[in-house]
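> What follows is protein_1.txt, made up of compact mmCIF, C-alpha atoms:
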```
# COMPACT_ATOMS: atom_id res chain seq x y z
CA MET A 15 59.03 2.27 38.80
CA ALA A 16 58.41 -1.14 37.25
CA PRO A 17 54.98 -1.77 35.75
CA ILE A 18 52.58 -3.97 37.69
CA PRO A 19 52.36 -7.38 35.99
CA ARG A 20 49.04 -8.17 34.38
CA ILE A 21 47.53 -11.42 35.63
CA PRO A 22 45.47 -13.00 32.85
CA GLU A 23 41.77 -13.49 33.45
CA PRO A 24 40.76 -17.14 33.85
CA PRO A 25 38.26 -18.50 31.33
CA ARG A 26 34.65 -17.67 32.07
CA ASP A 27 33.64 -21.17 33.04
CA ALA A 28 31.72 -22.91 35.81
CA PRO A 29 34.04 -25.32 37.64
CA GLU A 30 31.08 -27.26 39.05
CA SER A 31 30.12 -28.23 35.46
CA TYR A 32 33.03 -30.73 35.41
CA VAL A 33 31.83 -32.72 38.45
CA GLY A 34 30.59 -36.14 37.36
CA LEU A 35 32.56 -36.22 34.10
CA ASP A 36 35.28 -38.77 33.40
CA ALA A 37 38.74 -37.34 34.14
CA ASP A 38 40.15 -37.47 30.59
CA GLY A 39 37.03 -36.00 29.02
CA ALA A 40 36.90 -33.24 31.62
CA ALA A 41 40.55 -32.35 31.00
CA ARG A 42 40.03 -32.18 27.22
CA LEU A 43 36.94 -30.03 27.67
CA ALA A 44 38.73 -27.69 30.08
CA ARG A 45 41.57 -27.14 27.60
CA THR A 46 39.13 -26.35 24.79
CA ARG A 47 37.51 -23.78 27.11
CA GLY A 48 40.85 -22.02 27.59
CA TRP A 49 42.39 -23.45 30.76
CA ARG A 50 46.19 -23.50 30.34
CA VAL A 51 46.89 -26.00 33.14
CA VAL A 52 44.58 -28.82 34.17
CA ARG A 53 45.57 -30.84 37.22
CA ALA A 54 43.93 -34.10 38.35
CA LEU A 55 44.48 -35.08 41.98
CA PRO A 56 43.40 -38.10 44.03
CA PRO A 57 41.12 -37.39 47.02
CA GLY A 58 42.93 -36.09 50.07
CA THR A 59 46.06 -35.00 48.23
CA VAL A 60 47.98 -32.33 50.11
CA VAL A 61 48.47 -29.27 47.90
CA THR A 62 49.86 -25.81 48.54
CA MET A 63 47.54 -22.82 48.60
CA GLU A 64 49.38 -20.98 45.83
CA TYR A 65 47.15 -19.48 43.16
CA VAL A 66 48.16 -20.18 39.58
CA ALA A 67 46.25 -18.12 37.01
CA GLY A 68 44.78 -20.29 34.29
CA ARG A 69 44.88 -23.54 36.31
CA LEU A 70 41.89 -25.78 36.91
CA ASN A 71 42.14 -28.49 39.58
CA PHE A 72 40.14 -31.71 39.57
CA GLU A 73 39.77 -34.13 42.44
CA VAL A 74 39.35 -37.51 40.76
CA GLU A 75 38.10 -40.74 42.28
CA ASP A 76 37.50 -43.91 40.21
CA ASP A 77 38.19 -41.89 37.00
CA THR A 78 35.35 -39.45 37.84
CA VAL A 79 35.71 -35.78 38.76
CA THR A 80 34.26 -35.36 42.27
CA ARG A 81 35.38 -31.77 42.94
CA CYS A 82 36.76 -28.89 40.87
CA TRP A 83 38.32 -25.53 41.75
CA VAL A 84 40.25 -22.71 40.11
CA GLY A 85 43.85 -21.81 40.87
```
Since I need it in another form, could you write the structure as structure tokens?


Amino acid sequence: MAPIPRIPEPPRDAPESYVGLDADGAARLARTRGWRVVRALPPGTVVTMEYVAGRLNFEVEDDTVTRCWVG
């Protein structure tokens, strides 16, 4: 039987701490905190519901993070 793949733990971080930051600064900070993928999206963007370990998503309006979630 094949071993069960190990999904890496996401960084211990509070996504809400990025709300209000400028998009570039938030992305740099997220990478220093261990996020492998940082994705900035405009409001209302249609995205799939797939979960990607190590990914942090930002909703950005007028160069400011307005919402943030993991996956």

> Using all atoms listed in the file, which protein or nucleic acid residues come within 12 Å of A:Gly34? Drop anything in the same chain fewer than 4 positions from it, and give the result as a tab-separated table (two decimals) with C-alpha atoms, keeping the file's coordinate frame.


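For reference, result16.tsv as written:
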```
chain	number	residue	atom	x	y	z
A	29	PRO	CA	34.04	-25.32	37.64
A	30	GLU	CA	31.08	-27.26	39.05
A	38	ASP	CA	40.15	-37.47	30.59
A	39	GLY	CA	37.03	-36.00	29.02
A	40	ALA	CA	36.90	-33.24	31.62
A	72	PHE	CA	40.14	-31.71	39.57
A	73	GLU	CA	39.77	-34.13	42.44
A	74	VAL	CA	39.35	-37.51	40.76
A	75	GLU	CA	38.10	-40.74	42.28
A	76	ASP	CA	37.50	-43.91	40.21
A	77	ASP	CA	38.19	-41.89	37.00
A	78	THR	CA	35.35	-39.45	37.84
A	79	VAL	CA	35.71	-35.78	38.76
A	80	THR	CA	34.26	-35.36	42.27
A	81	ARG	CA	35.38	-31.77	42.94
A	82	CYS	CA	36.76	-28.89	40.87
```

> For a test of reading the model, state the distance in Å between atom CA of A:Ile18 and atom CA of A:Trp83, rounded to one decimal.

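It comes out at 26.2 Å.
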
> Skip A:Gly68 itself and residues of its chain fewer than 6 positions away, then list as a count of residues only all residues within 12 Å of it, counting all atoms listed in the file.

19

> Please report the interatomic distance between atom CA of A:Tyr32 and atom CA of A:Ala54 in Å with one decimal.

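Between atom CA of A:Tyr32 and atom CA of A:Ala54 the gap is 11.8 Å.
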